[in-house]
$ cat protein_34.pdb   # PDB, C-alpha atoms and all ligand atoms
ATOM      1  CA  MET A   1      -1.437 -16.257  16.426
ATOM      2  CA  LYS A   2       1.560 -14.392  17.755
ATOM      3  CA  PHE A   3       3.082 -11.475  15.919
ATOM      4  CA  SER A   4       6.685 -10.452  16.390
ATOM      5  CA  GLU A   5       7.666  -9.098  19.777
ATOM      6  CA  GLN A   6       7.954  -5.626  18.272
ATOM      7  CA  LEU A   7       4.491  -5.749  16.707
ATOM      8  CA  GLU A   8       2.934  -7.155  19.890
ATOM      9  CA  ALA A   9       4.449  -4.252  21.838
ATOM     10  CA  ARG A  10       3.200  -1.777  19.250
ATOM     11  CA  PHE A  11      -0.312  -3.242  19.382
ATOM     12  CA  ALA A  12      -0.393  -3.149  23.177
ATOM     13  CA  GLU A  13       0.681   0.480  23.166
ATOM     14  CA  MET A  14      -1.523   1.663  20.281
ATOM     15  CA  ILE A  15      -4.722   0.179  21.635
ATOM     16  CA  THR A  16      -4.463   2.491  24.645
ATOM     17  CA  HIS A  17      -4.710   5.539  22.354
ATOM     18  CA  TYR A  18      -8.284   4.955  21.240
ATOM     19  CA  PRO A  19     -11.633   5.032  23.035
ATOM     20  CA  THR A  20     -12.795   1.849  21.282
ATOM     21  CA  LYS A  21     -10.726  -1.182  20.296
ATOM     22  CA  ARG A  22     -11.888  -1.169  16.677
ATOM     23  CA  SER A  23     -10.319   2.263  16.094
ATOM     24  CA  VAL A  24      -6.849   0.730  16.118
ATOM     25  CA  LEU A  25      -7.705  -1.543  13.195
ATOM     26  CA  VAL A  26      -6.489   0.507  10.209
ATOM     27  CA  PRO A  27      -3.042   1.418  11.574
ATOM     28  CA  ILE A  28      -2.417  -2.057  12.994
ATOM     29  CA  LEU A  29      -3.427  -3.692   9.696
ATOM     30  CA  LEU A  30      -0.742  -1.639   7.971
ATOM     31  CA  TYR A  31       1.870  -2.697  10.509
ATOM     32  CA  VAL A  32       0.817  -6.336  10.113
ATOM     33  CA  GLN A  33       1.116  -6.010   6.348
ATOM     34  CA  ASP A  34       4.568  -4.479   6.689
ATOM     35  CA  GLU A  35       5.659  -7.372   8.883
ATOM     36  CA  LEU A  36       4.108 -10.250   6.907
ATOM     37  CA  GLY A  37       4.182  -8.774   3.389
ATOM     38  CA  GLU A  38       0.411  -9.322   3.198
ATOM     39  CA  ILE A  39      -2.579  -9.549   5.530
ATOM     40  CA  THR A  40      -3.112 -13.280   5.927
ATOM     41  CA  ASP A  41      -6.349 -15.085   6.834
ATOM     42  CA  GLU A  42      -4.767 -15.999  10.141
ATOM     43  CA  ALA A  43      -3.895 -12.366  10.890
ATOM     44  CA  ILE A  44      -7.415 -11.219   9.948
ATOM     45  CA  HIS A  45      -8.917 -13.728  12.357
ATOM     46  CA  GLU A  46      -6.505 -12.794  15.112
ATOM     47  CA  LEU A  47      -7.086  -9.050  14.767
ATOM     48  CA  ALA A  48     -10.852  -9.489  14.497
ATOM     49  CA  GLN A  49     -10.844 -11.219  17.875
ATOM     50  CA  ARG A  50      -8.578  -8.630  19.442
ATOM     51  CA  VAL A  51     -10.718  -5.663  18.351
ATOM     52  CA  GLU A  52     -14.033  -7.459  18.823
ATOM     53  CA  LEU A  53     -15.169  -7.478  15.208
ATOM     54  CA  SER A  54     -16.053 -10.333  12.870
ATOM     55  CA  ASP A  55     -13.560 -11.566  10.273
ATOM     56  CA  LEU A  56     -15.933 -10.214   7.609
ATOM     57  CA  GLU A  57     -15.899  -6.723   9.131
ATOM     58  CA  VAL A  58     -12.097  -6.729   9.076
ATOM     59  CA  ARG A  59     -12.133  -7.919   5.451
ATOM     60  CA  ASN A  60     -14.533  -5.103   4.556
ATOM     61  CA  VAL A  61     -12.073  -2.562   5.964
ATOM     62  CA  ILE A  62      -9.210  -4.146   4.013
ATOM     63  CA  SER A  63     -11.172  -4.089   0.768
ATOM     64  CA  TYR A  64     -11.865  -0.351   1.185
ATOM     65  CA  TYR A  65      -8.203   0.672   1.251
ATOM     66  CA  SER A  66      -6.203   0.187  -1.944
ATOM     67  CA  MET A  67      -2.938   0.037   0.018
ATOM     68  CA  MET A  68      -4.038  -3.048   1.957
ATOM     69  CA  ARG A  69      -3.692  -6.472   0.406
ATOM     70  CA  THR A  70      -4.394 -10.086   1.235
ATOM     71  CA  HIS A  71      -1.743 -11.476  -1.110
ATOM     72  CA  PRO A  72       1.971 -10.752  -1.464
ATOM     73  CA  VAL A  73       3.035  -8.256  -4.153
ATOM     74  CA  GLY A  74       6.276  -6.792  -5.482
ATOM     75  CA  ARG A  75       8.469  -5.045  -2.931
ATOM     76  CA  TYR A  76       7.759  -1.599  -4.431
ATOM     77  CA  ASN A  77       4.049  -1.024  -4.888
ATOM     78  CA  LEU A  78       3.464   1.683  -7.513
ATOM     79  CA  GLN A  79      -0.048   3.027  -7.046
ATOM     80  CA  VAL A  80      -0.820   5.443  -9.858
ATOM     81  CA  CYS A  81      -3.822   7.710  -9.344
ATOM     82  CA  THR A  82      -6.010   8.036 -12.436
ATOM     83  CA  ASN A  83      -8.864   9.875 -10.760
ATOM     84  CA  VAL A  84     -10.213  13.114 -12.211
ATOM     85  CA  SER A  85      -7.586  15.714 -11.143
ATOM     86  CA  CYS A  86      -4.744  13.443 -12.150
ATOM     87  CA  LEU A  87      -6.508  12.388 -15.339
ATOM     88  CA  LEU A  88      -6.903  16.025 -16.391
ATOM     89  CA  ARG A  89      -3.139  16.373 -16.024
ATOM     90  CA  GLY A  90      -2.178  13.300 -18.020
ATOM     91  CA  ALA A  91      -2.401  10.398 -15.539
ATOM     92  CA  ASP A  92      -3.520   8.040 -18.315
ATOM     93  CA  LYS A  93      -0.234   8.657 -20.137
ATOM     94  CA  ILE A  94       1.698   8.265 -16.880
ATOM     95  CA  PHE A  95       0.032   4.936 -16.186
ATOM     96  CA  GLU A  96       0.685   3.730 -19.744
ATOM     97  CA  HIS A  97       4.315   4.767 -19.371
ATOM     98  CA  CYS A  98       4.624   2.771 -16.132
ATOM     99  CA  LYS A  99       3.111  -0.297 -17.796
ATOM    100  CA  LYS A 100       5.539  -0.035 -20.710
ATOM    101  CA  LYS A 101       8.561   0.680 -18.539
ATOM    102  CA  LEU A 102       7.871  -2.253 -16.199
ATOM    103  CA  GLY A 103       6.420  -4.606 -18.834
ATOM    104  CA  VAL A 104       3.369  -5.396 -16.684
ATOM    105  CA  GLY A 105      -0.324  -4.616 -16.665
ATOM    106  CA  ASN A 106      -2.621  -3.316 -13.948
ATOM    107  CA  LYS A 107      -2.302  -5.265 -10.674
ATOM    108  CA  GLU A 108       0.647  -7.263 -11.934
ATOM    109  CA  ASP A 109       4.154  -7.863 -10.597
ATOM    110  CA  THR A 110       7.443  -7.757 -12.469
ATOM    111  CA  ALA A 111       9.092 -11.165 -12.898
ATOM    112  CA  ASP A 112      11.861 -10.269 -10.430
ATOM    113  CA  GLY A 113       9.266  -9.524  -7.734
ATOM    114  CA  LEU A 114      10.584  -6.000  -7.340
ATOM    115  CA  PHE A 115       7.618  -3.960  -8.588
ATOM    116  CA  HIS A 116       3.855  -4.155  -8.394
ATOM    117  CA  LEU A 117       1.796  -1.732 -10.480
ATOM    118  CA  GLU A 118      -1.766  -0.685  -9.912
ATOM    119  CA  GLU A 119      -4.196   2.014 -10.902
ATOM    120  CA  VAL A 120      -5.874   3.576  -7.856
ATOM    121  CA  GLU A 121      -8.468   6.166  -6.940
ATOM    122  CA  CYS A 122      -7.581   9.593  -5.470
ATOM    123  CA  ILE A 123      -4.665   9.456  -3.045
ATOM    124  CA  GLY A 124      -5.263  12.977  -1.730
ATOM    125  CA  ALA A 125      -2.492  14.680  -3.703
ATOM    126  CA  CYS A 126      -4.754  16.390  -6.265
ATOM    127  CA  SER A 127      -2.968  19.760  -5.990
ATOM    128  CA  TRP A 128       0.192  18.114  -7.256
ATOM    129  CA  ALA A 129      -1.384  15.942  -9.951
ATOM    130  CA  PRO A 130      -0.546  13.650 -11.554
ATOM    131  CA  ALA A 131       0.549  11.719  -8.498
ATOM    132  CA  MET A 132       1.368   8.239  -7.326
ATOM    133  CA  GLN A 133       2.339   6.478  -4.147
ATOM    134  CA  VAL A 134       5.237   4.038  -3.937
ATOM    135  CA  ASN A 135       4.715   2.117  -0.714
ATOM    136  CA  TYR A 136       4.293   5.015   1.740
ATOM    137  CA  ASP A 137       6.075   7.700  -0.308
ATOM    138  CA  TYR A 138       4.285  10.205  -2.503
ATOM    139  CA  HIS A 139       5.594  11.247  -5.940
ATOM    140  CA  GLU A 140       3.935  14.252  -7.499
ATOM    141  CA  ASN A 141       3.816  16.378 -10.679
ATOM    142  CA  LEU A 142       4.809  13.214 -12.495
ATOM    143  CA  THR A 143       6.297  13.109 -15.959
ATOM    144  CA  PRO A 144       7.565  10.091 -17.927
ATOM    145  CA  GLU A 145      11.105  11.287 -17.173
ATOM    146  CA  LYS A 146      10.422  11.338 -13.418
ATOM    147  CA  ILE A 147       8.982   7.825 -13.638
ATOM    148  CA  ASP A 148      12.097   6.566 -15.439
ATOM    149  CA  GLU A 149      14.348   8.223 -12.874
ATOM    150  CA  LEU A 150      12.407   6.715  -9.988
ATOM    151  CA  ILE A 151      12.246   3.170 -11.361
ATOM    152  CA  ASP A 152      15.862   3.174 -12.516
ATOM    153  CA  GLY A 153      16.900   4.551  -9.130
ATOM    154  CA  ILE A 154      15.114   1.766  -7.271
ATOM    155  CA  LYS A 155      16.665  -0.892  -9.541
ATOM    156  CA  LYS A 156      20.120   0.560  -8.995
ATOM    157  CA  LYS A 157      19.633   0.704  -5.238
ATOM    158  CA  GLU A 158      18.445  -2.907  -5.148
ATOM    159  CA  GLN A 159      21.463  -4.110  -7.133
ATOM    160  CA  GLN A 160      23.923  -2.743  -4.569
TER     161      GLN A 160
HETATM  162  S1  LIG B 201      -7.198  12.804  -8.210
HETATM  163 FE1  LIG B 201      -5.196  12.038  -8.158
HETATM  164  S2  LIG B 201      -4.525  12.543  -6.178
HETATM  165 FE2  LIG B 201      -6.561  13.195  -6.197
END
$ encode --input "protein_34.pdb" --output "structure tokens"
Amino acid sequence: MKFSEQLEARFAEMITHYPTKRSVLVPILLYVQDELGEITDEAIHELAQRVELSDLEVRNVISYYSMMRTHPVGRYNLQVCTNVSCLLRGADKIFEHCKKKLGVGNKEDTADGLFHLEEVECIGACSWAPAMQVNYDYHENLTPEKIDELIDGIKKKEQQ
């Protein structure tokens, strides 16, 4: 399998940064996902060969990270943390608000393919709980009003 020219160049450069080939796996998986919209079986096999791991070992890495996926999802992936620090500061209400606002359940996509919603474990933003990640951006000290503003803002931006 060939990736885009840009991704091939990135891979060739990144692999020189690490003492062992396998160390490049997590960052390159994210770049592959950005390029393909998901991490396909073909990409898993290709990367496994390049970093000298089995397909299963690559799949195990993917299954560990909530931001990695082997199927396409909505363009904006809302990952709401409901772990203990966030829960103590109302994450359950935040997650319920997201579900209501988007009209979807956990791990579901909106009909227009714009949003994907999922409940995740700690995202390392406990000091600013409740928190969520939208693709690679963090949103902290969440309130229902902030959620509305964010979602409405994305919809508006996408309509332009
Ligand atoms: S518990 Fe939510 S960010 Fe850590």
$ resolve_selection --input "protein_34.pdb" --expression "the PyMOL selection byres (((chain A and resi 140-149) around 6) and not hetatm)" --output "list in words"
Trp128, Ala129, Pro130, Ala131, His139, Leu150, Ile151, Asp152 and Gly153 of chain A
$ resolve_selection --input "protein_34.pdb" --expression "the PyMOL selection byres (((not hetatm)) within 8 of (chain B and resi 201))" --output "PyMOL selection string"
chain A and resi 81-87+121-132
$ resolve_selection --input "protein_34.pdb" --expression "the PyMOL selection byres (((chain A and resi 27-30) around 10) and not hetatm)" --output "PDB file with C-alpha atoms, in the coordinates of the input"
ATOM      1  CA  LEU A   7       4.491  -5.749  16.707  1.00  0.00           C
ATOM      2  CA  ARG A  10       3.200  -1.777  19.250  1.00  0.00           C
ATOM      3  CA  PHE A  11      -0.312  -3.242  19.382  1.00  0.00           C
ATOM      4  CA  MET A  14      -1.523   1.663  20.281  1.00  0.00           C
ATOM      5  CA  ILE A  15      -4.722   0.179  21.635  1.00  0.00           C
ATOM      6  CA  SER A  23     -10.319   2.263  16.094  1.00  0.00           C
ATOM      7  CA  VAL A  24      -6.849   0.730  16.118  1.00  0.00           C
ATOM      8  CA  LEU A  25      -7.705  -1.543  13.195  1.00  0.00           C
ATOM      9  CA  VAL A  26      -6.489   0.507  10.209  1.00  0.00           C
ATOM     10  CA  TYR A  31       1.870  -2.697  10.509  1.00  0.00           C
ATOM     11  CA  VAL A  32       0.817  -6.336  10.113  1.00  0.00           C
ATOM     12  CA  GLN A  33       1.116  -6.010   6.348  1.00  0.00           C
ATOM     13  CA  ASP A  34       4.568  -4.479   6.689  1.00  0.00           C
ATOM     14  CA  GLU A  35       5.659  -7.372   8.883  1.00  0.00           C
ATOM     15  CA  LEU A  36       4.108 -10.250   6.907  1.00  0.00           C
ATOM     16  CA  GLY A  37       4.182  -8.774   3.389  1.00  0.00           C
ATOM     17  CA  GLU A  38       0.411  -9.322   3.198  1.00  0.00           C
ATOM     18  CA  ILE A  39      -2.579  -9.549   5.530  1.00  0.00           C
ATOM     19  CA  ALA A  43      -3.895 -12.366  10.890  1.00  0.00           C
ATOM     20  CA  ILE A  44      -7.415 -11.219   9.948  1.00  0.00           C
ATOM     21  CA  LEU A  47      -7.086  -9.050  14.767  1.00  0.00           C
ATOM     22  CA  VAL A  58     -12.097  -6.729   9.076  1.00  0.00           C
ATOM     23  CA  VAL A  61     -12.073  -2.562   5.964  1.00  0.00           C
ATOM     24  CA  ILE A  62      -9.210  -4.146   4.013  1.00  0.00           C
ATOM     25  CA  MET A  67      -2.938   0.037   0.018  1.00  0.00           C
ATOM     26  CA  MET A  68      -4.038  -3.048   1.957  1.00  0.00           C
ATOM     27  CA  ARG A  69      -3.692  -6.472   0.406  1.00  0.00           C
TER      28      ARG A  69
END
$ atom_distance --input "protein_34.pdb" --atom1 "atom CA of Glu52 of chain A" --atom2 "atom CA of Thr20 of chain A"
9.7 Å
$ closest_residue --input "protein_34.pdb" --among "A:Asp137, A:Glu158, A:Glu96, A:Glu13" --to "Leu114 of chain A" --atoms "only C-alpha atoms"
A:Glu158
$ atom_distance --input "protein_34.pdb" --atom1 "atom CA of Tyr76 of chain A" --atom2 "atom CA of Ala9 of chain A"
26.6 Å
$ closest_residue --input "protein_34.pdb" --among "A:Val73, A:Leu78, A:Ala91, A:Leu117" --to "Val104 of chain A" --atoms "all atoms listed in the file"
A:Leu117
$ closest_residue --input "protein_34.pdb" --among "A:Lys157, A:Glu118, A:Tyr138, A:Thr40" --to "His71 of chain A" --atoms "only C-alpha atoms"
A:Thr40
$ closest_residue --input "protein_34.pdb" --among "A:Arg50, A:Val134, A:Lys93, A:Gly103" --to "Gln79 of chain A" --atoms "all atoms listed in the file"
A:Val134
$ decode --input "protein_34.pdb" --residues "segment 36-70 of chain A" --atoms "N, CA and C atoms" --output "CSV table (one decimal), in the first residue's frame"
chain,number,residue,atom,x,y,z
A,36,LEU,N,-6.9,9.1,5.9
A,36,LEU,CA,-7.9,8.2,5.3
A,36,LEU,C,-9.3,8.3,6.0
A,37,GLY,N,-9.3,9.0,7.1
A,37,GLY,CA,-10.6,9.2,7.8
A,37,GLY,C,-10.8,8.0,8.8
A,38,GLU,N,-10.0,7.0,8.7
A,38,GLU,CA,-10.1,5.8,9.5
A,38,GLU,C,-8.8,5.0,9.4
A,39,ILE,N,-8.5,4.1,10.2
A,39,ILE,CA,-7.3,3.2,10.0
A,39,ILE,C,-7.8,1.9,9.4
A,40,THR,N,-7.6,1.7,8.2
A,40,THR,CA,-8.1,0.6,7.4
A,40,THR,C,-7.3,-0.7,7.7
A,41,ASP,N,-7.9,-1.8,7.4
A,41,ASP,CA,-7.2,-3.1,7.5
A,41,ASP,C,-5.9,-3.1,6.7
A,42,GLU,N,-6.0,-2.5,5.5
A,42,GLU,CA,-4.9,-2.4,4.6
A,42,GLU,C,-3.7,-1.6,5.2
A,43,ALA,N,-4.1,-0.5,5.8
A,43,ALA,CA,-3.1,0.4,6.5
A,43,ALA,C,-2.5,-0.3,7.7
A,44,ILE,N,-3.3,-1.0,8.4
A,44,ILE,CA,-2.8,-1.7,9.6
A,44,ILE,C,-1.7,-2.7,9.2
A,45,HIS,N,-2.0,-3.5,8.1
A,45,HIS,CA,-1.1,-4.5,7.6
A,45,HIS,C,0.2,-3.8,7.1
A,46,GLU,N,0.0,-2.7,6.4
A,46,GLU,CA,1.2,-2.0,5.8
A,46,GLU,C,2.1,-1.5,6.9
A,47,LEU,N,1.5,-0.8,7.9
A,47,LEU,CA,2.3,-0.3,9.0
A,47,LEU,C,2.9,-1.4,9.9
A,48,ALA,N,2.2,-2.5,10.1
A,48,ALA,CA,2.8,-3.6,10.9
A,48,ALA,C,4.1,-4.1,10.2
A,49,GLN,N,4.0,-4.2,8.9
A,49,GLN,CA,5.2,-4.6,8.2
A,49,GLN,C,6.4,-3.6,8.3
A,50,ARG,N,6.0,-2.4,8.2
A,50,ARG,CA,7.0,-1.3,8.2
A,50,ARG,C,7.7,-1.2,9.6
A,51,VAL,N,6.9,-1.4,10.6
A,51,VAL,CA,7.6,-1.3,12.0
A,51,VAL,C,7.9,-2.6,12.6
A,52,GLU,N,7.8,-3.7,11.8
A,52,GLU,CA,8.1,-5.0,12.3
A,52,GLU,C,7.3,-5.5,13.5
A,53,LEU,N,6.0,-5.3,13.4
A,53,LEU,CA,5.1,-5.9,14.4
A,53,LEU,C,4.1,-6.7,13.6
A,54,SER,N,3.3,-7.5,14.4
A,54,SER,CA,2.2,-8.2,13.7
A,54,SER,C,1.0,-7.3,13.6
A,55,ASP,N,0.1,-7.7,12.7
A,55,ASP,CA,-1.2,-6.9,12.6
A,55,ASP,C,-1.9,-6.8,13.9
A,56,LEU,N,-1.9,-7.9,14.6
A,56,LEU,CA,-2.6,-8.0,15.9
A,56,LEU,C,-2.0,-7.0,16.9
A,57,GLU,N,-0.6,-6.9,16.9
A,57,GLU,CA,0.0,-5.9,17.8
A,57,GLU,C,-0.4,-4.5,17.5
A,58,VAL,N,-0.5,-4.2,16.2
A,58,VAL,CA,-0.9,-2.9,15.8
A,58,VAL,C,-2.4,-2.6,16.2
A,59,ARG,N,-3.2,-3.6,16.0
A,59,ARG,CA,-4.6,-3.5,16.4
A,59,ARG,C,-4.7,-3.3,18.0
A,60,ASN,N,-3.9,-4.0,18.7
A,60,ASN,CA,-3.9,-3.8,20.2
A,60,ASN,C,-3.6,-2.4,20.6
A,61,VAL,N,-2.7,-1.7,19.9
A,61,VAL,CA,-2.3,-0.3,20.1
A,61,VAL,C,-3.6,0.5,19.8
A,62,ILE,N,-4.2,0.3,18.6
A,62,ILE,CA,-5.3,1.1,18.2
A,62,ILE,C,-6.5,1.0,19.2
A,63,SER,N,-6.7,-0.2,19.7
A,63,SER,CA,-7.8,-0.4,20.7
A,63,SER,C,-7.6,0.3,22.0
A,64,TYR,N,-6.3,0.6,22.3
A,64,TYR,CA,-6.0,1.2,23.6
A,64,TYR,C,-6.3,2.7,23.6
A,65,TYR,N,-6.2,3.3,22.4
A,65,TYR,CA,-6.4,4.8,22.3
A,65,TYR,C,-7.8,5.1,21.8
A,66,SER,N,-8.6,5.9,22.6
A,66,SER,CA,-10.0,6.2,22.2
A,66,SER,C,-10.0,7.1,21.0
A,67,MET,N,-8.9,7.8,20.7
A,67,MET,CA,-9.0,8.7,19.5
A,67,MET,C,-8.7,8.0,18.2
A,68,MET,N,-8.3,6.7,18.3
A,68,MET,CA,-8.0,5.9,17.1
A,68,MET,C,-9.2,5.1,16.7
A,69,ARG,N,-9.5,5.0,15.4
A,69,ARG,CA,-10.7,4.2,15.0
A,69,ARG,C,-10.5,3.5,13.7
A,70,THR,N,-11.1,2.3,13.6
A,70,THR,CA,-11.0,1.5,12.4
A,70,THR,C,-12.3,1.6,11.6
